[in-house]
file protein10.txt (compact mmCIF, C-alpha atoms)
# COMPACT_ATOMS: atom_id res chain seq x y z
CA MET G 1 -5.12 -17.97 34.18
CA ALA G 2 -5.14 -17.90 37.99
CA ALA G 3 -3.10 -15.26 39.79
CA LYS G 4 -0.97 -17.96 41.44
CA ASP G 5 -0.10 -19.36 37.99
CA LEU G 6 0.72 -15.89 36.73
CA TYR G 7 3.37 -15.01 39.26
CA GLU G 8 4.83 -18.50 39.45
CA LYS G 9 5.21 -18.83 35.67
CA ASP G 10 8.84 -18.26 34.66
CA LEU G 11 8.59 -16.87 31.16
CA TYR G 12 12.36 -16.88 30.73
CA LYS G 13 12.39 -20.60 31.44
CA VAL G 14 9.50 -21.13 29.02
CA LEU G 15 11.59 -19.57 26.23
CA GLY G 16 14.86 -21.08 27.41
CA VAL G 17 16.62 -17.73 27.86
CA LYS G 18 18.29 -15.89 30.71
CA LYS G 19 16.83 -12.91 32.48
CA THR G 20 19.94 -10.98 31.47
CA ASP G 21 19.54 -11.76 27.76
CA ASP G 22 18.84 -8.79 25.51
CA ALA G 23 15.93 -8.40 23.09
CA ALA G 24 17.92 -9.78 20.14
CA ALA G 25 18.77 -13.00 21.98
CA ILE G 26 15.16 -13.46 23.07
CA LYS G 27 13.90 -12.92 19.53
CA LYS G 28 16.45 -15.37 18.11
CA GLN G 29 15.45 -18.07 20.60
CA TYR G 30 11.74 -17.49 19.98
CA ARG G 31 12.17 -17.88 16.24
CA LYS G 32 14.10 -21.11 16.76
CA LEU G 33 11.40 -22.58 19.01
CA ALA G 34 8.53 -21.37 16.88
CA ARG G 35 10.00 -22.98 13.77
CA GLU G 36 10.33 -26.26 15.64
CA LEU G 37 6.89 -26.10 17.25
CA HIS G 38 4.83 -24.46 14.51
CA PRO G 39 1.49 -26.24 13.98
CA ASP G 40 2.36 -26.87 10.34
CA LYS G 41 5.13 -29.19 11.56
CA THR G 42 3.39 -30.66 14.61
CA LYS G 43 -0.04 -31.42 13.19
CA GLY G 44 -2.22 -33.35 15.59
CA ASP G 45 0.21 -33.23 18.53
CA LYS G 46 -1.82 -31.45 21.23
CA LYS G 47 1.09 -31.32 23.66
CA LEU G 48 3.35 -29.56 21.15
CA GLU G 49 0.53 -27.22 20.11
CA ASP G 50 0.09 -26.19 23.76
CA ARG G 51 3.83 -25.71 24.03
CA PHE G 52 3.76 -23.48 20.94
CA LYS G 53 1.04 -21.31 22.48
CA GLU G 54 2.98 -21.11 25.74
CA VAL G 55 6.12 -20.00 23.90
CA SER G 56 4.18 -17.40 21.88
CA GLU G 57 2.55 -15.97 25.03
CA ALA G 58 5.93 -15.74 26.77
CA TYR G 59 7.49 -13.98 23.80
CA GLU G 60 4.59 -11.53 23.60
CA THR G 61 5.51 -10.28 27.08
CA LEU G 62 9.30 -10.51 26.94
CA SER G 63 9.55 -8.86 23.51
CA ASP G 64 7.78 -5.74 24.82
CA ASP G 65 10.13 -3.64 26.99
CA LYS G 66 7.31 -2.19 29.09
CA LYS G 67 5.54 -5.49 29.66
CA ARG G 68 8.84 -7.20 30.41
CA ALA G 69 9.75 -4.58 33.03
CA GLU G 70 6.33 -4.87 34.69
CA TYR G 71 6.55 -8.66 34.68
CA ASP G 72 10.05 -8.61 36.21
CA GLU G 73 8.99 -6.16 38.93
CA MET G 74 5.88 -8.14 39.81
CA ARG G 75 7.75 -11.45 39.90
CA ASP G 76 10.48 -9.94 42.07
CA ALA G 77 7.81 -8.66 44.44
CA PHE G 78 6.34 -12.13 44.87
CA SER G 79 9.69 -13.89 45.20
CA SER G 80 10.94 -11.40 47.79
CA GLY G 81 7.83 -11.74 49.91
CA ARG G 82 6.65 -8.19 49.34
CA MET G 83 3.48 -9.75 47.90
CA PRO G 84 2.22 -13.00 49.49
CA ARG G 85 1.68 -16.10 47.43
CA GLY G 86 -1.52 -16.87 49.28
CA GLY G 87 -3.42 -13.99 47.76
CA PHE G 88 -3.42 -10.35 46.73
CA PRO G 89 -3.59 -7.37 49.09
CA GLY G 90 -6.91 -7.38 50.88
CA GLY G 91 -7.71 -10.94 49.82
CA PRO G 92 -7.62 -14.20 51.75
CA GLY G 93 -4.20 -14.91 53.19
CA ALA G 94 -2.94 -11.46 52.32
CA GLY G 95 -1.24 -10.86 55.64
CA ASN G 96 0.83 -7.71 56.03
CA VAL G 97 1.61 -6.17 52.67
CA GLY G 98 3.74 -3.11 51.92
CA ASP G 99 3.02 -0.17 49.66
CA PHE G 100 2.79 -1.24 46.01
CA SER G 101 1.83 2.14 44.57
CA ASP G 102 5.15 2.25 42.71
CA ILE G 103 4.30 -1.00 40.93
CA PHE G 104 0.62 -0.34 40.31
CA ALA G 105 0.89 3.27 39.16
CA GLY G 106 -2.45 4.95 38.62
CA GLY G 107 -4.25 2.90 41.28
CA GLY G 108 -4.28 -0.39 39.41
CA SER G 109 -4.48 -3.73 41.16
CA PRO G 110 -2.40 -6.89 40.77
CA GLN G 111 -5.26 -8.42 38.84
CA ASP G 112 -5.21 -5.44 36.47
CA ILE G 113 -1.52 -5.63 35.71
CA PHE G 114 -1.63 -9.39 35.11
CA SER G 115 -4.67 -8.92 32.91
CA THR G 116 -2.67 -6.42 30.87
CA LEU G 117 0.27 -8.80 30.60
CA PHE G 118 -1.55 -12.04 29.90
CA GLY G 119 -5.09 -11.17 28.82
CA GLY G 120 -6.57 -12.88 31.90
CA GLY G 121 -8.51 -11.53 34.87
CA GLY G 122 -11.86 -11.80 33.16
CA ARG G 123 -10.96 -9.69 30.18
CA SER G 124 -11.53 -10.79 26.60
CA PRO G 125 -8.93 -13.18 25.12
CA ARG G 126 -6.20 -11.51 23.16
CA ARG G 127 -5.88 -11.55 19.42
CA GLY G 128 -2.50 -12.58 18.05
CA GLY G 129 0.03 -9.92 17.15
CA ASP G 130 0.45 -8.47 13.68
CA ILE G 131 3.56 -9.45 11.72
CA GLN G 132 5.30 -7.22 9.20
CA THR G 133 7.43 -8.34 6.27
CA GLU G 134 8.77 -6.84 3.05
CA THR G 135 9.11 -7.96 -0.55
CA SER G 136 10.37 -6.51 -3.83
CA ILE G 137 8.66 -6.75 -7.20
CA SER G 138 9.60 -5.57 -10.68
CA PHE G 139 8.34 -2.27 -12.08
CA ARG G 140 6.35 -4.15 -14.72
CA ASP G 141 4.65 -6.34 -12.08
CA SER G 142 3.73 -3.24 -10.08
CA ILE G 143 1.91 -1.85 -13.12
CA PHE G 144 0.15 -5.01 -14.31
CA GLY G 145 -0.16 -6.92 -11.03
CA THR G 146 1.28 -10.29 -10.12
CA GLU G 147 1.09 -13.18 -7.67
CA ILE G 148 3.96 -13.74 -5.25
CA ASN G 149 5.00 -16.36 -2.73
CA LEU G 150 6.22 -15.06 0.62
CA LYS G 151 8.63 -17.20 2.59
CA LEU G 152 8.24 -15.93 6.11
CA ALA G 153 11.32 -15.89 8.28
CA THR G 154 9.25 -14.47 11.15
CA ALA G 155 8.14 -17.33 13.35
CA GLY G 156 4.59 -17.50 14.60
CA ALA G 157 2.92 -16.65 11.30
CA ALA G 158 0.13 -18.89 10.10
CA GLY G 159 2.21 -20.70 7.48
CA ASN G 160 5.82 -20.58 6.35
CA THR G 161 4.96 -19.84 2.70
CA ILE G 162 2.04 -17.63 1.72
CA SER G 163 0.77 -16.81 -1.77
CA THR G 164 -0.95 -13.51 -2.39
CA ARG G 165 -2.04 -11.37 -5.31
CA ILE G 166 -0.41 -7.96 -5.83
CA PRO G 167 -2.99 -5.63 -7.42
CA ALA G 168 -2.23 -3.78 -10.64
CA GLY G 169 -1.01 -0.22 -10.20
CA ILE G 170 0.42 -0.64 -6.71
CA ASN G 171 2.83 2.07 -5.58
CA ASP G 172 6.30 1.70 -4.14
CA GLY G 173 6.08 1.57 -0.33
CA ALA G 174 2.43 0.47 -0.27
CA LYS G 175 1.26 -1.99 2.38
CA ILE G 176 -0.94 -5.02 1.83
CA LYS G 177 -2.80 -6.50 4.79
CA LEU G 178 -3.41 -10.25 4.83
CA LYS G 179 -6.02 -10.80 7.52
CA GLY G 180 -5.52 -13.71 9.87
CA ARG G 181 -2.03 -14.58 8.63
CA GLY G 182 -0.13 -13.13 11.60
CA ALA G 183 0.86 -14.58 14.97
CA PRO G 184 -1.63 -16.92 16.70
CA GLY G 185 -3.65 -15.77 19.71
CA GLN G 186 -6.48 -16.92 21.96
CA ALA G 187 -8.96 -14.71 20.11
CA GLY G 188 -7.59 -15.63 16.71
CA PRO G 189 -4.45 -14.80 14.71
CA GLY G 190 -3.26 -11.31 13.91
CA ASP G 191 -2.65 -9.91 10.45
CA LEU G 192 0.33 -10.01 8.13
CA LEU G 193 1.41 -6.61 6.78
CA VAL G 194 3.46 -6.75 3.58
CA ILE G 195 5.44 -3.68 2.50
CA ILE G 196 5.94 -3.58 -1.28
CA HIS G 197 9.17 -2.24 -2.77
CA VAL G 198 9.18 -1.59 -6.52
CA ILE G 199 12.48 -2.09 -8.37
CA PRO G 200 13.15 0.87 -10.71
CA HIS G 201 12.83 0.29 -14.46
CA PRO G 202 15.74 1.07 -16.82
CA ILE G 203 13.75 3.54 -18.95
CA PHE G 204 10.25 4.00 -17.54
CA THR G 205 9.25 5.99 -14.46
CA ARG G 206 5.88 6.67 -12.93
CA LYS G 207 4.10 9.80 -11.73
CA GLY G 208 0.58 9.13 -10.51
CA GLU G 209 -1.21 7.15 -13.18
CA ASN G 210 1.10 8.29 -15.99
CA LEU G 211 4.22 6.54 -17.22
CA HIS G 212 7.17 8.67 -18.32
CA LEU G 213 9.90 8.00 -20.87
CA ASP G 214 12.84 10.15 -22.03
CA LEU G 215 13.18 9.84 -25.82
CA PRO G 216 16.61 10.55 -27.36
CA VAL G 217 16.39 12.15 -30.85
CA THR G 218 18.95 13.55 -33.25
CA PHE G 219 19.33 17.22 -34.05
CA THR G 220 18.07 16.68 -37.58
CA GLU G 221 15.00 14.72 -36.37
CA ALA G 222 14.10 17.59 -34.05
CA ALA G 223 14.81 20.26 -36.65
CA LEU G 224 13.23 18.64 -39.69
CA GLY G 225 10.58 16.52 -38.01
CA ALA G 226 10.31 12.72 -37.99
CA ASP G 227 8.17 9.71 -37.19
CA ILE G 228 9.87 7.76 -34.39
CA THR G 229 9.11 4.29 -33.05
CA VAL G 230 8.87 4.18 -29.25
CA PRO G 231 8.67 1.07 -26.98
CA THR G 232 5.88 0.74 -24.43
CA LEU G 233 5.71 -1.15 -21.15
CA ASP G 234 3.07 -3.43 -22.68
CA GLY G 235 5.76 -4.88 -24.95
CA ASP G 236 4.63 -3.47 -28.29
CA GLU G 237 5.61 -0.20 -29.97
CA VAL G 238 3.91 3.05 -30.89
CA THR G 239 4.92 5.69 -33.41
CA VAL G 240 5.10 9.34 -32.39
CA ARG G 241 5.47 12.24 -34.79
CA LEU G 242 7.92 15.04 -34.13
CA ALA G 243 6.89 18.31 -35.73
CA PRO G 244 9.62 20.24 -37.53
CA GLY G 245 11.43 22.47 -35.06
CA THR G 246 10.59 20.40 -31.99
CA PRO G 247 12.57 21.87 -29.06
CA ASN G 248 14.51 19.88 -26.49
CA GLY G 249 12.35 19.05 -23.46
CA ARG G 250 8.98 19.04 -25.26
CA THR G 251 6.60 16.40 -23.90
CA LEU G 252 4.41 14.26 -26.15
CA ARG G 253 1.42 12.29 -24.91
CA VAL G 254 0.31 8.82 -25.95
CA LYS G 255 -3.15 8.34 -24.45
CA GLY G 256 -4.13 5.17 -22.66
CA ARG G 257 -0.62 3.72 -22.41
CA GLY G 258 -0.11 4.47 -18.72
CA VAL G 259 -1.23 2.77 -15.50
CA LYS G 260 -4.62 1.04 -15.59
CA ARG G 261 -6.11 0.91 -12.09
CA ASN G 262 -9.79 0.46 -11.28
CA HIS G 263 -11.58 2.73 -13.76
CA ALA G 264 -8.64 5.12 -14.24
CA VAL G 265 -6.24 4.86 -17.18
CA GLY G 266 -3.09 6.95 -17.38
CA ASP G 267 -1.05 8.05 -20.38
CA LEU G 268 2.52 7.58 -21.60
CA MET G 269 4.37 10.90 -21.41
CA ILE G 270 7.37 11.14 -23.75
CA THR G 271 9.96 13.87 -23.17
CA VAL G 272 12.17 14.76 -26.15
CA GLU G 273 15.91 14.82 -25.49
CA VAL G 274 17.92 16.22 -28.40
CA GLN G 275 21.29 14.45 -28.59
CA VAL G 276 24.35 16.23 -30.01
CA PRO G 277 27.21 14.08 -31.39
CA GLN G 278 30.52 14.50 -29.57
CA ARG G 279 32.50 14.64 -32.83
CA VAL G 280 31.49 15.91 -36.27
CA ASP G 281 33.87 15.37 -39.20
CA GLY G 282 33.94 15.47 -43.00
CA LYS G 283 30.72 16.03 -44.86
CA ALA G 284 28.68 16.27 -41.68
CA LYS G 285 30.84 19.11 -40.40
CA LYS G 286 30.64 20.92 -43.73
CA ALA G 287 26.87 20.51 -43.78
CA LEU G 288 26.56 21.98 -40.30
CA GLU G 289 28.80 24.89 -41.22
CA ASP G 290 26.59 25.58 -44.22
CA PHE G 291 23.54 25.30 -42.00
CA ALA G 292 25.03 27.77 -39.51
CA GLU G 293 25.75 30.22 -42.30
CA ALA G 294 22.25 29.87 -43.71
CA THR G 295 20.60 30.45 -40.36
CA LYS G 296 22.93 33.09 -38.91
CA GLU G 297 20.09 35.58 -38.65
CA PHE G 298 18.37 33.31 -36.13
CA ASP G 299 19.55 34.30 -32.63
CA PRO G 300 18.03 32.17 -29.86
CA ARG G 301 19.61 34.46 -27.21
CA ALA G 302 18.33 37.72 -28.65
CA GLU G 303 16.12 38.53 -25.67
CA LEU G 304 18.29 36.91 -22.99
CA ALA G 305 20.10 40.08 -21.89
CA GLN G 306 16.88 42.06 -21.86
CA ARG G 307 15.08 39.44 -19.74
CA ALA G 308 17.99 39.35 -17.31
CA LYS G 309 17.33 43.00 -16.45
CA ALA G 310 13.63 42.45 -15.73

call {"tool": "encode", "arguments": {"input": "protein10.txt", "output": "structure tokens"}}
result
Amino acid sequence: MAAKDLYEKDLYKVLGVKKTDDAAAIKKQYRKLARELHPDKTKGDKKLEDRFKEVSEAYETLSDDKKRAEYDEMRDAFSSGRMPRGGFPGGPGAGNVGDFSDIFAGGGSPQDIFSTLFGGGGRSPRRGGDIQTETSISFRDSIFGTEINLKLATAGAAGNTISTRIPAGINDGAKIKLKGRGAPGQAGPGDLLVIIHVIPHPIFTRKGENLHLDLPVTFTEAALGADITVPTLDGDEVTVRLAPGTPNGRTLRVKGRGVKRNHAVGDLMITVEVQVPQRVDGKAKKALEDFAEATKEFDPRAELAQRAKA
């Protein structure tokens, strides 16, 4: 793009916004135009495709506070006559030009600053910007993998609806990069970054490659021992055996029933939670009283006072 075109191009007019509009208003207008002009809706219309590129280039500058400030300062300099329209300082038709060191900090030239803003001046064409979006999946889908459809509200992406595969074992907060599905650019489109949020499961949690489950058991099951049926995330059930005298908080392991990712396979970790009934009446109360009498020599707090003094 020629220098003359650069300083005469009114990016605010291109987007249909005012110079005083804030970033939110500019973004809203860009999304509106991009939805109307997106190539998926204007297939084969070269004029509208060029208009879409023009809108995207304008937004790239005006959506960046630093680039926008530099563009405004440069345009003001040209419009006020501080920089001639016939050429740049030292070039043909430059005439008398003031000190622009405040604009071109670090010794840069007008060509340099416009190259930074628009990718011109002999530099390589710019790649389109990356776009970021978010989606939520179920806990089960995060473990086994799934395919999702993303409906992009962000204008400028290469397609309004995108299908992608979520790999098995993905973690909450992980990012997936879809190459070439971002905003368009002269050197090709950018990428689409998808942040994955995993919805918590009612009973299962995850730590690394292992799945965890809290298993409620009765006092008698813990005291006498029992075989207990436990659900798994796969949908079937496994049976775990409680040894007599199993204490509250003991963890049991079911191998191979955790997260399967690449060549690693986790386990299902089951933590025993002894449940005590809120009310005990009749025969149950009498049985517990007899049990207490029969086991009165057992004192679980025998060493508590001694340990407290250690």

call {"tool": "closest_residue", "arguments": {"input": "protein10.txt", "among": "G:Asn149, G:Ser56, G:Ser163, G:Thr271", "to": "Gly128 (chain G)", "atoms": "only C-alpha atoms"}}
result
G:Ser56

call {"tool": "closest_residue", "arguments": {"input": "protein10.txt", "among": "G:Ala58, G:Val217, G:Val272, G:Leu192", "to": "Asp10 (chain G)", "atoms": "all atoms listed in the file"}}
result
G:Ala58

call {"tool": "closest_residue", "arguments": {"input": "protein10.txt", "among": "G:Met74, G:Gln186, G:Leu62, G:Thr133", "to": "Lys13 (chain G)", "atoms": "all atoms listed in the file"}}
result
G:Leu62

call {"tool": "residues_near_point", "arguments": {"input": "protein10.txt", "point": "(-6.3, 6.5, -23.6)", "cutoff": "9 Å", "atoms": "all atoms listed in the file", "output": "list of chain:residue names"}}
result
G:Val254, G:Lys255, G:Gly256, G:Arg257, G:Gly258, G:Val265, G:Gly266, G:Asp267

call {"tool": "closest_residue", "arguments": {"input": "protein10.txt", "among": "G:Gly169, G:Leu252, G:Val276, G:Leu33", "to": "Lys207 (chain G)", "atoms": "all atoms listed in the file"}}
result
G:Gly169

call {"tool": "closest_residue", "arguments": {"input": "protein10.txt", "among": "G:His263, G:Arg181, G:Arg140, G:Arg301", "to": "Pro202 (chain G)", "atoms": "all atoms listed in the file"}}
result
G:Arg140

call {"tool": "atom_distance", "arguments": {"input": "protein10.txt", "atom1": "CA of His201 (chain G)", "atom2": "CA of Gln132 (chain G)"}}
result
25.9 Å

call {"tool": "closest_residue", "arguments": {"input": "protein10.txt", "among": "G:Lys43, G:Leu152, G:Pro277, G:Arg253", "to": "Thr239 (chain G)", "atoms": "all atoms listed in the file"}}
result
G:Arg253

call {"tool": "atom_distance", "arguments": {"input": "protein10.txt", "atom1": "CA of Thr251 (chain G)", "atom2": "CA of Gly225 (chain G)"}}
result
14.7 Å

call {"tool": "atom_distance", "arguments": {"input": "protein10.txt", "atom1": "CA of Asp45 (chain G)", "atom2": "CA of Pro189 (chain G)"}}
result
19.4 Å

call {"tool": "decode", "arguments": {"input": "protein10.txt", "residues": "region 236-257 of chain G", "atoms": "N, CA and C atoms", "output": "compact mmCIF listing (two decimals), in the first residue's frame"}}
result
# COMPACT_ATOMS: atom_id res chain seq x y z
N ASP G 236 -20.58 -49.62 33.73
CA ASP G 236 -20.83 -50.90 34.38
C ASP G 236 -20.49 -50.79 35.87
N GLU G 237 -20.44 -51.91 36.56
CA GLU G 237 -20.18 -51.92 38.00
C GLU G 237 -19.04 -52.88 38.33
N VAL G 238 -18.37 -52.59 39.44
CA VAL G 238 -17.35 -53.49 39.94
C VAL G 238 -17.67 -53.78 41.41
N THR G 239 -17.17 -54.88 41.90
CA THR G 239 -17.38 -55.25 43.31
C THR G 239 -16.08 -55.10 44.07
N VAL G 240 -16.13 -54.37 45.17
CA VAL G 240 -14.95 -54.22 46.02
C VAL G 240 -15.23 -54.91 47.35
N ARG G 241 -14.19 -55.45 47.95
CA ARG G 241 -14.34 -56.17 49.21
C ARG G 241 -13.77 -55.34 50.36
N LEU G 242 -14.62 -55.09 51.35
CA LEU G 242 -14.16 -54.43 52.57
C LEU G 242 -13.71 -55.50 53.55
N ALA G 243 -12.51 -55.36 54.06
CA ALA G 243 -12.04 -56.30 55.08
C ALA G 243 -12.71 -55.95 56.41
N PRO G 244 -12.92 -56.92 57.25
CA PRO G 244 -13.47 -56.62 58.58
C PRO G 244 -12.61 -55.58 59.30
N GLY G 245 -13.26 -54.62 59.91
CA GLY G 245 -12.52 -53.58 60.63
C GLY G 245 -11.96 -52.49 59.74
N THR G 246 -12.54 -52.31 58.57
CA THR G 246 -12.06 -51.26 57.66
C THR G 246 -12.33 -49.88 58.28
N PRO G 247 -11.32 -49.05 58.44
CA PRO G 247 -11.52 -47.74 59.06
C PRO G 247 -12.07 -46.71 58.07
N ASN G 248 -12.70 -45.69 58.60
CA ASN G 248 -13.18 -44.58 57.78
C ASN G 248 -11.98 -43.90 57.12
N GLY G 249 -12.11 -43.58 55.83
CA GLY G 249 -11.04 -42.88 55.11
C GLY G 249 -10.07 -43.79 54.37
N ARG G 250 -10.20 -45.11 54.56
CA ARG G 250 -9.30 -46.03 53.83
C ARG G 250 -9.60 -45.96 52.33
N THR G 251 -8.55 -46.01 51.52
CA THR G 251 -8.69 -45.93 50.07
C THR G 251 -8.44 -47.29 49.43
N LEU G 252 -9.36 -47.71 48.59
CA LEU G 252 -9.24 -48.96 47.84
C LEU G 252 -8.96 -48.62 46.38
N ARG G 253 -8.23 -49.49 45.70
CA ARG G 253 -7.84 -49.24 44.31
C ARG G 253 -8.43 -50.29 43.38
N VAL G 254 -9.06 -49.81 42.31
CA VAL G 254 -9.52 -50.71 41.25
C VAL G 254 -8.69 -50.39 40.01
N LYS G 255 -7.78 -51.25 39.66
CA LYS G 255 -6.80 -50.96 38.60
C LYS G 255 -7.46 -50.89 37.22
N GLY G 256 -6.95 -49.95 36.44
CA GLY G 256 -7.36 -49.84 35.05
C GLY G 256 -8.71 -49.20 34.81
N ARG G 257 -9.32 -48.64 35.85
CA ARG G 257 -10.64 -48.03 35.68
C ARG G 257 -10.57 -46.50 35.78
